[in-house]
>>> print(open('final.txt').read())   # compact mmCIF, C-alpha atoms
# COMPACT_ATOMS: atom_id res chain seq x y z
CA MET S 1 183.93 -59.71 60.45
CA VAL S 2 187.69 -59.35 60.83
CA GLY S 3 188.97 -60.06 64.34
CA GLY S 4 187.64 -62.07 67.25
CA PRO S 5 184.09 -62.45 68.59
CA VAL S 6 182.12 -59.29 69.30
CA VAL S 7 180.59 -59.25 72.79
CA LEU S 8 177.76 -57.00 73.97
CA GLY S 9 177.75 -56.38 77.73
CA ILE S 10 174.75 -55.31 79.81
CA GLU S 11 174.94 -53.84 83.34
CA SER S 12 171.88 -53.00 85.47
CA SER S 13 172.77 -53.95 89.05
CA CYS S 14 172.02 -50.56 90.63
CA ASP S 15 171.18 -47.14 89.17
CA GLU S 16 173.15 -47.19 85.90
CA THR S 17 171.92 -48.87 82.73
CA GLY S 18 175.06 -49.69 80.77
CA ALA S 19 175.77 -51.26 77.39
CA GLY S 20 179.28 -51.86 76.11
CA ILE S 21 180.77 -53.69 73.15
CA VAL S 22 184.21 -55.32 73.24
CA ARG S 23 186.22 -57.35 70.73
CA ASP S 24 189.62 -58.89 71.49
CA GLY S 25 190.02 -56.74 74.59
CA LYS S 26 189.32 -53.53 72.65
CA LEU S 27 186.44 -51.25 73.56
CA LEU S 28 184.15 -50.52 70.60
CA ALA S 29 181.27 -48.83 72.42
CA HIS S 30 180.47 -47.59 75.92
CA VAL S 31 177.07 -46.06 76.79
CA VAL S 32 175.60 -45.41 80.24
CA ALA S 33 172.28 -43.92 81.33
CA SER S 34 172.10 -43.05 85.02
CA SER S 35 169.00 -42.55 87.16
CA MET S 36 171.08 -40.97 89.96
CA ASP S 37 169.25 -37.64 89.78
CA GLU S 38 165.95 -39.40 90.43
CA HIS S 39 167.33 -40.90 93.67
CA ALA S 40 169.09 -37.75 94.94
CA ARG S 41 166.07 -36.35 96.80
CA PHE S 42 165.81 -39.61 98.77
CA GLY S 43 169.49 -39.60 99.72
CA GLY S 44 170.09 -43.05 98.25
CA VAL S 45 169.01 -45.50 95.59
CA VAL S 46 165.32 -46.48 95.63
CA PRO S 47 165.04 -49.98 94.10
CA GLU S 48 161.63 -49.45 92.45
CA ILE S 49 162.75 -46.21 90.80
CA ALA S 50 165.95 -47.89 89.61
CA SER S 51 164.03 -50.79 88.05
CA ARG S 52 161.65 -48.45 86.19
CA ALA S 53 164.58 -46.41 84.92
CA HIS S 54 166.28 -49.55 83.58
CA LEU S 55 163.08 -50.47 81.72
CA GLN S 56 163.00 -47.04 80.09
CA SER S 57 166.71 -46.88 79.28
CA PHE S 58 167.52 -50.42 78.18
CA THR S 59 166.56 -50.25 74.51
CA PRO S 60 167.89 -46.71 73.82
CA VAL S 61 171.22 -47.55 75.51
CA VAL S 62 171.69 -50.77 73.52
CA ARG S 63 170.75 -49.03 70.26
CA GLN S 64 173.21 -46.24 70.96
CA ALA S 65 176.00 -48.72 71.75
CA LEU S 66 175.40 -50.60 68.49
CA ALA S 67 175.39 -47.32 66.58
CA GLU S 68 178.58 -46.18 68.30
CA ALA S 69 180.30 -49.42 67.27
CA GLY S 70 178.84 -49.27 63.76
CA LEU S 71 177.23 -52.68 64.19
CA ARG S 72 173.86 -54.38 63.82
CA LEU S 73 172.51 -56.83 66.38
CA GLY S 74 173.13 -59.64 63.90
CA GLN S 75 176.88 -58.89 64.06
CA ILE S 76 177.07 -59.58 67.80
CA ASP S 77 178.63 -62.96 68.65
CA ALA S 78 177.74 -63.17 72.37
CA VAL S 79 175.86 -61.29 75.09
CA ALA S 80 177.19 -60.93 78.64
CA VAL S 81 175.04 -59.62 81.47
CA THR S 82 175.40 -58.92 85.18
CA THR S 83 173.44 -61.57 87.06
CA GLY S 84 174.59 -60.53 90.55
CA PRO S 85 175.15 -59.13 93.04
CA GLY S 86 172.84 -56.12 93.03
CA LEU S 87 169.23 -54.99 93.40
CA SER S 88 166.97 -57.90 92.49
CA GLY S 89 164.49 -55.96 90.36
CA ALA S 90 167.22 -54.03 88.59
CA LEU S 91 169.14 -57.21 87.79
CA GLN S 92 165.96 -58.85 86.48
CA VAL S 93 165.40 -56.04 83.98
CA GLY S 94 168.92 -56.32 82.59
CA LEU S 95 168.83 -60.10 82.46
CA ALA S 96 165.43 -60.20 80.72
CA GLY S 97 166.67 -57.74 78.12
CA ALA S 98 169.94 -59.60 77.61
CA LYS S 99 168.10 -62.92 77.20
CA SER S 100 165.87 -61.33 74.55
CA LEU S 101 168.86 -60.00 72.63
CA ALA S 102 170.76 -63.30 72.82
CA TYR S 103 167.71 -65.24 71.69
CA ALA S 104 166.93 -62.82 68.85
CA ALA S 105 170.53 -62.88 67.62
CA GLY S 106 170.93 -66.62 68.15
CA VAL S 107 174.09 -66.16 70.21
CA PRO S 108 175.30 -67.50 73.58
CA LEU S 109 174.55 -65.71 76.85
CA TYR S 110 177.07 -65.35 79.70
CA GLY S 111 176.19 -64.48 83.29
CA VAL S 112 178.85 -62.25 84.85
CA HIS S 113 179.67 -61.34 88.45
CA HIS S 114 179.43 -57.57 88.88
CA LEU S 115 182.70 -57.26 90.83
CA ALA S 116 184.62 -59.31 88.27
CA GLY S 117 183.41 -56.69 85.79
CA HIS S 118 185.07 -53.94 87.82
CA VAL S 119 188.33 -55.90 87.74
CA ALA S 120 188.09 -56.48 83.99
CA ALA S 121 187.42 -52.77 83.37
CA ASP S 122 191.13 -52.14 83.81
CA THR S 123 192.00 -54.43 80.89
CA LEU S 124 190.18 -52.09 78.50
CA GLU S 125 192.71 -49.36 79.30
CA HIS S 126 195.91 -51.21 80.24
CA GLY S 127 195.65 -54.62 78.56
CA PRO S 128 195.73 -58.10 80.11
CA LEU S 129 195.98 -58.39 83.89
CA PRO S 130 199.42 -59.34 85.22
CA GLU S 131 199.44 -62.76 86.90
CA PRO S 132 199.17 -62.50 89.80
CA CYS S 133 197.94 -59.05 90.84
CA VAL S 134 196.32 -57.55 93.91
CA VAL S 135 193.00 -55.83 93.23
CA LEU S 136 191.40 -53.30 95.56
CA ILE S 137 187.69 -52.91 94.83
CA VAL S 138 186.18 -49.80 96.41
CA SER S 139 182.60 -48.75 95.71
CA GLY S 140 179.36 -47.74 97.36
CA GLY S 141 178.55 -51.29 98.40
CA HIS S 142 181.86 -53.13 98.27
CA THR S 143 185.36 -52.84 99.70
CA SER S 144 187.50 -55.90 99.01
CA LEU S 145 191.12 -56.94 98.59
CA LEU S 146 191.56 -59.74 96.06
CA LEU S 147 194.42 -61.85 94.79
CA VAL S 148 193.76 -62.47 91.11
CA ARG S 149 195.61 -64.85 88.83
CA ASP S 150 193.67 -65.78 85.69
CA LEU S 151 190.44 -63.81 86.07
CA VAL S 152 188.20 -66.22 84.14
CA ARG S 153 189.97 -69.57 84.61
CA GLU S 154 190.95 -69.62 88.29
CA PRO S 155 189.12 -68.91 91.56
CA ILE S 156 189.44 -65.36 92.87
CA LEU S 157 191.01 -65.32 96.34
CA HIS S 158 189.47 -62.92 98.86
CA LEU S 159 192.21 -61.57 101.12
CA GLY S 160 189.83 -59.28 102.97
CA ASP S 161 186.46 -57.57 102.79
CA THR S 162 184.60 -54.89 104.68
CA LEU S 163 183.01 -56.06 107.91
CA ASP S 164 180.31 -53.37 107.82
CA ASP S 165 180.03 -50.15 105.79
CA ALA S 166 181.90 -49.98 102.49
CA ALA S 167 184.10 -46.95 101.79
CA GLY S 168 181.58 -45.42 99.38
CA GLU S 169 178.75 -45.98 101.84
CA CYS S 170 180.78 -44.15 104.50
CA PHE S 171 181.21 -41.19 102.12
CA ASP S 172 177.46 -41.13 101.38
CA LYS S 173 176.44 -41.20 105.04
CA VAL S 174 178.94 -38.59 106.23
CA ALA S 175 178.10 -36.33 103.29
CA ARG S 176 174.48 -36.34 104.44
CA ILE S 177 175.56 -35.45 108.00
CA LEU S 178 177.65 -32.57 106.63
CA GLY S 179 174.75 -31.32 104.51
CA LEU S 180 176.37 -32.30 101.21
CA PRO S 181 174.34 -33.70 98.30
CA TYR S 182 173.99 -37.30 97.15
CA PRO S 183 176.03 -39.08 95.90
CA GLY S 184 178.40 -38.40 98.76
CA GLY S 185 181.69 -39.52 97.22
CA PRO S 186 182.01 -36.79 94.56
CA ALA S 187 180.59 -34.21 97.00
CA ILE S 188 183.17 -35.10 99.67
CA ASP S 189 185.94 -34.94 97.04
CA ARG S 190 184.87 -31.48 95.87
CA ALA S 191 184.48 -30.08 99.39
CA ALA S 192 187.83 -31.53 100.53
CA LYS S 193 189.77 -29.46 98.00
CA ALA S 194 189.26 -26.38 100.19
CA GLY S 195 189.92 -28.19 103.48
CA ASN S 196 192.82 -29.16 105.71
CA PRO S 197 193.11 -32.97 106.14
CA ASP S 198 195.04 -32.46 109.40
CA ALA S 199 192.38 -30.25 110.98
CA VAL S 200 190.48 -33.24 112.40
CA THR S 201 191.94 -36.47 113.75
CA PHE S 202 189.73 -39.29 112.56
CA PRO S 203 190.50 -42.95 113.41
CA ARG S 204 192.11 -45.44 111.01
CA PRO S 205 189.98 -48.55 111.60
CA LEU S 206 191.61 -51.99 111.86
CA THR S 207 195.18 -50.73 111.47
CA LYS S 208 196.49 -51.58 114.96
CA ALA S 209 198.84 -54.47 115.72
CA GLY S 210 196.80 -57.65 115.98
CA ASP S 211 193.99 -56.42 113.70
CA ASP S 212 193.22 -58.33 110.52
CA PRO S 213 195.65 -56.70 108.06
CA TYR S 214 193.28 -57.07 105.11
CA ALA S 215 189.83 -56.49 106.63
CA PHE S 216 188.05 -53.14 106.40
CA SER S 217 185.57 -51.39 108.66
CA PHE S 218 184.20 -47.91 108.02
CA SER S 219 181.20 -47.83 110.35
CA GLY S 220 183.26 -46.50 113.26
CA LEU S 221 184.81 -43.82 111.06
CA LYS S 222 181.32 -42.72 110.03
CA THR S 223 180.31 -42.55 113.71
CA ALA S 224 183.43 -40.53 114.59
CA ALA S 225 182.56 -38.00 111.88
CA ALA S 226 178.97 -37.79 113.11
CA ARG S 227 180.13 -37.15 116.69
CA TRP S 228 182.56 -34.48 115.51
CA VAL S 229 179.69 -32.66 113.79
CA GLU S 230 177.41 -33.15 116.80
CA GLN S 231 179.98 -31.71 119.24
CA HIS S 232 180.25 -28.53 117.19
CA ARG S 233 176.48 -28.09 116.98
CA LEU S 234 176.02 -28.70 120.72
CA ARG S 235 178.32 -25.71 121.23
CA GLY S 236 176.19 -23.68 118.83
CA ALA S 237 178.82 -23.71 116.09
CA GLU S 238 178.82 -25.14 112.57
CA PRO S 239 181.78 -27.39 111.74
CA SER S 240 184.01 -26.69 108.77
CA VAL S 241 182.55 -28.86 106.03
CA ALA S 242 185.74 -28.55 103.98
CA ASP S 243 187.98 -29.65 106.86
CA GLY S 244 185.66 -32.50 107.80
CA ALA S 245 185.52 -33.73 104.22
CA ALA S 246 189.29 -33.48 103.78
CA ALA S 247 190.01 -35.32 107.04
CA LEU S 248 187.48 -38.06 106.29
CA GLN S 249 188.81 -38.51 102.76
CA GLU S 250 192.37 -38.73 104.09
CA ALA S 251 191.43 -41.38 106.64
CA VAL S 252 189.67 -43.52 104.02
CA ALA S 253 192.51 -43.16 101.50
CA ASP S 254 195.11 -43.95 104.18
CA VAL S 255 193.40 -47.17 105.27
CA LEU S 256 192.68 -48.37 101.73
CA THR S 257 196.17 -47.82 100.40
CA ARG S 258 197.95 -49.00 103.54
CA LYS S 259 196.18 -52.36 103.46
CA ALA S 260 196.52 -52.74 99.68
CA LEU S 261 200.28 -52.18 99.82
CA ARG S 262 200.54 -54.64 102.71
CA ALA S 263 198.81 -57.27 100.56
CA CYS S 264 201.23 -56.65 97.70
CA ARG S 265 204.24 -57.05 100.00
CA ASP S 266 202.90 -60.14 101.75
CA HIS S 267 202.13 -61.95 98.49
CA ASP S 268 205.16 -60.70 96.55
CA VAL S 269 202.96 -59.02 93.95
CA ARG S 270 204.31 -56.17 91.86
CA THR S 271 201.03 -54.76 90.49
CA LEU S 272 198.13 -53.14 92.35
CA ILE S 273 194.88 -52.48 90.50
CA VAL S 274 192.34 -50.12 92.08
CA VAL S 275 188.79 -50.27 90.67
CA GLY S 276 185.22 -49.31 91.56
CA GLY S 277 183.48 -45.99 92.00
CA VAL S 278 185.68 -44.79 94.88
CA ALA S 279 188.73 -45.32 92.62
CA ALA S 280 187.59 -42.06 91.02
CA ASN S 281 188.32 -40.20 94.29
CA SER S 282 191.24 -37.82 93.75
CA ARG S 283 192.90 -38.44 97.14
CA VAL S 284 192.62 -42.22 96.89
CA ARG S 285 194.31 -42.05 93.49
CA ALA S 286 197.02 -39.61 94.61
CA LEU S 287 197.95 -41.50 97.78
CA ALA S 288 197.95 -44.83 95.91
CA GLU S 289 200.31 -43.34 93.31
CA GLU S 290 202.59 -41.94 96.00
CA ARG S 291 202.80 -45.13 98.05
CA CYS S 292 203.12 -47.47 95.05
CA ALA S 293 205.93 -45.36 93.63
CA ALA S 294 207.78 -45.48 96.96
CA ALA S 295 207.35 -49.28 97.16
CA GLY S 296 208.29 -49.97 93.53
CA ILE S 297 204.83 -51.34 92.74
CA GLU S 298 203.03 -50.67 89.46
CA LEU S 299 199.66 -48.98 89.98
CA ARG S 300 196.85 -49.45 87.47
CA VAL S 301 193.59 -47.49 87.77
CA PRO S 302 190.98 -47.40 84.98
CA PRO S 303 189.82 -44.05 83.56
CA MET S 304 187.11 -42.42 85.68
CA THR S 305 184.43 -43.29 83.09
CA LEU S 306 185.18 -46.99 83.62
CA CYS S 307 185.34 -46.82 87.43
CA THR S 308 181.61 -46.48 87.99
CA ASP S 309 179.13 -49.18 86.89
CA ASN S 310 179.03 -49.69 83.13
CA GLY S 311 178.31 -52.28 80.45
CA ALA S 312 181.80 -52.10 78.98
CA MET S 313 183.27 -53.88 82.01
CA ILE S 314 180.70 -56.67 81.68
CA ALA S 315 181.49 -56.99 77.97
CA ALA S 316 185.19 -57.20 78.92
CA VAL S 317 184.51 -60.24 81.13
CA GLY S 318 182.31 -61.76 78.43
CA ASP S 319 185.09 -61.25 75.90
CA LEU S 320 187.56 -63.08 78.15
CA LEU S 321 185.05 -65.89 78.78
CA VAL S 322 184.36 -66.39 75.07
CA ARG S 323 188.07 -66.42 74.19
CA SER S 324 188.80 -68.89 77.01
CA GLY S 325 186.21 -71.33 75.70
CA ALA S 326 183.96 -71.05 78.78
CA GLU S 327 180.53 -72.64 78.69
CA PRO S 328 177.70 -70.12 78.27
CA ALA S 329 174.82 -69.89 80.73
CA PRO S 330 171.50 -71.62 80.02
CA LEU S 331 168.88 -69.25 78.66
CA GLU S 332 166.74 -69.89 81.79
CA VAL S 333 169.49 -68.62 84.09
CA SER S 334 168.29 -66.46 87.01
CA VAL S 335 169.81 -63.62 89.05
CA ASP S 336 171.60 -63.92 92.38
CA PRO S 337 171.36 -60.56 94.22
CA SER S 338 173.83 -61.59 96.95
CA ALA S 339 176.24 -63.66 94.86
CA PRO S 340 179.68 -64.17 96.47
CA LEU S 341 182.69 -63.50 94.27
CA GLU S 342 184.56 -66.69 93.52
CA TYR S 343 184.54 -66.91 89.73
CA ALA S 344 184.03 -64.25 87.06
CA ALA S 345 181.32 -66.31 85.35
CA LEU S 346 178.20 -66.33 87.47
CA THR S 347 175.65 -68.95 86.49
CA PRO S 348 173.08 -69.29 89.31
CA LEU S 349 170.62 -72.15 89.16
CA PRO S 350 167.68 -71.61 86.80
CA ALA S 351 164.68 -70.14 88.61
CA LEU S 352 162.59 -73.32 88.32
CA ALA S 353 165.38 -75.62 89.50
CA ALA S 354 166.18 -73.33 92.44
CA ALA S 355 162.56 -73.10 93.58
>>> encode(input="final.txt", output="structure tokens")
Amino acid sequence: MVGGPVVLGIESSCDETGAGIVRDGKLLAHVVASSMDEHARFGGVVPEIASRAHLQSFTPVVRQALAEAGLRLGQIDAVAVTTGPGLSGALQVGLAGAKSLAYAAGVPLYGVHHLAGHVAADTLEHGPLPEPCVVLIVSGGHTSLLLVRDLVREPILHLGDTLDDAAGECFDKVARILGLPYPGGPAIDRAAKAGNPDAVTFPRPLTKAGDDPYAFSFSGLKTAAARWVEQHRLRGAEPSVADGAAALQEAVADVLTRKALRACRDHDVRTLIVVGGVAANSRVRALAEERCAAAGIELRVPPMTLCTDNGAMIAAVGDLLVRSGAEPAPLEVSVDPSAPLEYAALTPLPALAAA
């Protein structure tokens, strides 16, 4: 086949079963099956339901990705799969399937850190990452500020992480309090369009002098929103859902972008990359654009279809690993549901050796 190695990526860390195919940094296929509707009535992801959904979706999703790329399994040169962090059972389904494909095709297997996948997603739209760059990861379970040089060759430096609730988790919990559906992020975004962000004064956590300039905390913001709703209902009145959503969204976007721009200034970095599910939020994007433009910093945000969990981002990391000459994982590699992000390649100890 003309061109570089073809890499199939598999993602199954939460409630999306994703398969993507990448060659030389170019996206050839991108297919996602979500079980989100099955979790909605529970107000959050149920691990057992997610695992069953991955079992049902894995083969159809991979077949569709191969068809979309016009390829057969025998034309794949490597398989990359998320091995952590994530839900243990969900990760196991994806890894078992990826091992089977790699073994059947006789190709190497690469274990990939889920968050490194989110970072690499941007390369599929905008090309290679500038060195260095500041990356803001914002999702349902993660809020982190990273300093990234070479994504697959050098350690990833954590500038700051959330101390409690992630931004997306805050959206989910406040949406439930406001009576909005799950998932909360898109629901908050929709409701906020009709609201006034200045109608409610919500706190900006960890933004005072002396606070850690890069750490995040959204638990107190969630509590402030809950108390605002409670005060209205104690008076026998219903709060304005639109105003509450707009004010909450503004507070989250303000904190995220303020700290990200501070990191760029402090480390003399000229490019900010915003990734993860909350990067799809319209106010986060708009405020990031506004503040980056004022500071003379280039802003890169992947398309919305690449912001949420997907196999294409895992294939993108695998593609970089293959082209860098990285060692593949052993076929007996296991998952690591709480894996810290230090390197893009994640190769936990084999299950037997770790036991």
>>> closest_residue(input="final.txt", among="S:Ala260, S:Val6, S:Val22, S:Val152", to="His113 of chain S", atoms="only C-alpha atoms")
S:Val152
>>> atom_distance(input="final.txt", atom1="atom CA of Tyr110 of chain S", atom2="atom CA of Val81 of chain S")
6.3 Å
>>> closest_residue(input="final.txt", among="S:Gly168, S:Pro130, S:Gly25, S:Gly43", to="Thr271 of chain S", atoms="all atoms listed in the file")
S:Pro130
>>> closest_residue(input="final.txt", among="S:Thr223, S:His114, S:Leu55, S:Ser139", to="Gly86 of chain S", atoms="all atoms listed in the file")
S:His114
>>> closest_residue(input="final.txt", among="S:Met36, S:Leu248, S:Ala286, S:Ala67", to="Gly20 of chain S", atoms="only C-alpha atoms")
S:Ala67
>>> closest_residue(input="final.txt", among="S:Leu115, S:Ile177, S:Ile21, S:Leu28", to="Arg227 of chain S", atoms="only C-alpha atoms")
S:Ile177
>>> closest_atom_pairs(input="final.txt", of="segment 182-254 of chain S", to="segment 155-165 of chain S", cutoff="12 Å", atoms="only C-alpha atoms", output="JSON lines")
{"residue": "S:Pro205", "atom": "CA", "partner": "S:Thr162", "partner_atom": "CA", "distance": 10.8}
{"residue": "S:Leu206", "atom": "CA", "partner": "S:Leu163", "partner_atom": "CA", "distance": 10.3}
{"residue": "S:Asp211", "atom": "CA", "partner": "S:Gly160", "partner_atom": "CA", "distance": 11.9}
{"residue": "S:Asp212", "atom": "CA", "partner": "S:Gly160", "partner_atom": "CA", "distance": 8.3}
{"residue": "S:Pro213", "atom": "CA", "partner": "S:Gly160", "partner_atom": "CA", "distance": 8.2}
{"residue": "S:Tyr214", "atom": "CA", "partner": "S:Gly160", "partner_atom": "CA", "distance": 4.6}
{"residue": "S:Ala215", "atom": "CA", "partner": "S:Gly160", "partner_atom": "CA", "distance": 4.6}
{"residue": "S:Phe216", "atom": "CA", "partner": "S:Thr162", "partner_atom": "CA", "distance": 4.2}
{"residue": "S:Ser217", "atom": "CA", "partner": "S:Leu163", "partner_atom": "CA", "distance": 5.4}
{"residue": "S:Phe218", "atom": "CA", "partner": "S:Asp165", "partner_atom": "CA", "distance": 5.2}
{"residue": "S:Ser219", "atom": "CA", "partner": "S:Asp165", "partner_atom": "CA", "distance": 5.2}
{"residue": "S:Gly220", "atom": "CA", "partner": "S:Asp165", "partner_atom": "CA", "distance": 8.9}
{"residue": "S:Leu221", "atom": "CA", "partner": "S:Asp165", "partner_atom": "CA", "distance": 9.5}
{"residue": "S:Lys222", "atom": "CA", "partner": "S:Asp165", "partner_atom": "CA", "distance": 8.7}
{"residue": "S:Thr223", "atom": "CA", "partner": "S:Asp165", "partner_atom": "CA", "distance": 11.0}
{"residue": "S:Val252", "atom": "CA", "partner": "S:Asp165", "partner_atom": "CA", "distance": 11.8}
>>> atom_distance(input="final.txt", atom1="atom CA of Ser282 of chain S", atom2="atom CA of Pro186 of chain S")
9.3 Å
>>> closest_residue(input="final.txt", among="S:Leu8, S:Ile137, S:Ala279, S:Ile314", to="Gly74 of chain S", atoms="all atoms listed in the file")
S:Leu8
>>> decode(input="final.txt", residues="segment 136-151 of chain S", atoms="N, CA and C atoms", output="PDB file, in the first residue's frame")
ATOM      1  N   LEU S 136      -5.118  22.051  27.376  1.00  0.00           N
ATOM      2  CA  LEU S 136      -6.169  22.037  28.393  1.00  0.00           C
ATOM      3  C   LEU S 136      -7.109  20.889  28.055  1.00  0.00           C
ATOM      4  N   ILE S 137      -7.134  19.887  28.919  1.00  0.00           N
ATOM      5  CA  ILE S 137      -8.051  18.754  28.740  1.00  0.00           C
ATOM      6  C   ILE S 137      -9.252  18.968  29.659  1.00  0.00           C
ATOM      7  N   VAL S 138     -10.435  19.012  29.073  1.00  0.00           N
ATOM      8  CA  VAL S 138     -11.653  19.212  29.865  1.00  0.00           C
ATOM      9  C   VAL S 138     -12.701  18.201  29.421  1.00  0.00           C
ATOM     10  N   SER S 139     -13.088  17.325  30.354  1.00  0.00           N
ATOM     11  CA  SER S 139     -14.069  16.296  30.026  1.00  0.00           C
ATOM     12  C   SER S 139     -14.895  15.968  31.257  1.00  0.00           C
ATOM     13  N   GLY S 140     -15.708  14.914  31.143  1.00  0.00           N
ATOM     14  CA  GLY S 140     -16.551  14.534  32.265  1.00  0.00           C
ATOM     15  C   GLY S 140     -15.765  14.077  33.477  1.00  0.00           C
ATOM     16  N   GLY S 141     -14.603  13.466  33.245  1.00  0.00           N
ATOM     17  CA  GLY S 141     -13.832  12.947  34.364  1.00  0.00           C
ATOM     18  C   GLY S 141     -12.481  13.586  34.564  1.00  0.00           C
ATOM     19  N   HIS S 142     -12.087  14.478  33.659  1.00  0.00           N
ATOM     20  CA  HIS S 142     -10.733  15.030  33.716  1.00  0.00           C
ATOM     21  C   HIS S 142     -10.735  16.533  33.438  1.00  0.00           C
ATOM     22  N   THR S 143      -9.953  17.260  34.210  1.00  0.00           N
ATOM     23  CA  THR S 143      -9.634  18.648  33.899  1.00  0.00           C
ATOM     24  C   THR S 143      -8.160  18.822  34.238  1.00  0.00           C
ATOM     25  N   SER S 144      -7.343  19.022  33.204  1.00  0.00           N
ATOM     26  CA  SER S 144      -5.892  19.083  33.392  1.00  0.00           C
ATOM     27  C   SER S 144      -5.272  20.128  32.485  1.00  0.00           C
ATOM     28  N   LEU S 145      -4.200  20.737  32.983  1.00  0.00           N
ATOM     29  CA  LEU S 145      -3.348  21.613  32.178  1.00  0.00           C
ATOM     30  C   LEU S 145      -2.009  20.910  31.998  1.00  0.00           C
ATOM     31  N   LEU S 146      -1.601  20.741  30.747  1.00  0.00           N
ATOM     32  CA  LEU S 146      -0.386  20.002  30.437  1.00  0.00           C
ATOM     33  C   LEU S 146       0.576  20.858  29.626  1.00  0.00           C
ATOM     34  N   LEU S 147       1.866  20.609  29.819  1.00  0.00           N
ATOM     35  CA  LEU S 147       2.882  21.172  28.944  1.00  0.00           C
ATOM     36  C   LEU S 147       3.409  20.011  28.113  1.00  0.00           C
ATOM     37  N   VAL S 148       3.193  20.086  26.805  1.00  0.00           N
ATOM     38  CA  VAL S 148       3.533  18.977  25.912  1.00  0.00           C
ATOM     39  C   VAL S 148       4.626  19.414  24.948  1.00  0.00           C
ATOM     40  N   ARG S 149       5.648  18.587  24.854  1.00  0.00           N
ATOM     41  CA  ARG S 149       6.702  18.817  23.861  1.00  0.00           C
ATOM     42  C   ARG S 149       6.493  17.797  22.750  1.00  0.00           C
ATOM     43  N   ASP S 150       7.274  16.713  22.748  1.00  0.00           N
ATOM     44  CA  ASP S 150       7.021  15.637  21.802  1.00  0.00           C
ATOM     45  C   ASP S 150       6.081  14.649  22.476  1.00  0.00           C
ATOM     46  N   LEU S 151       4.869  14.514  21.945  1.00  0.00           N
ATOM     47  CA  LEU S 151       3.817  13.761  22.626  1.00  0.00           C
ATOM     48  C   LEU S 151       4.206  12.311  22.898  1.00  0.00           C
TER      49      LEU S 151
END
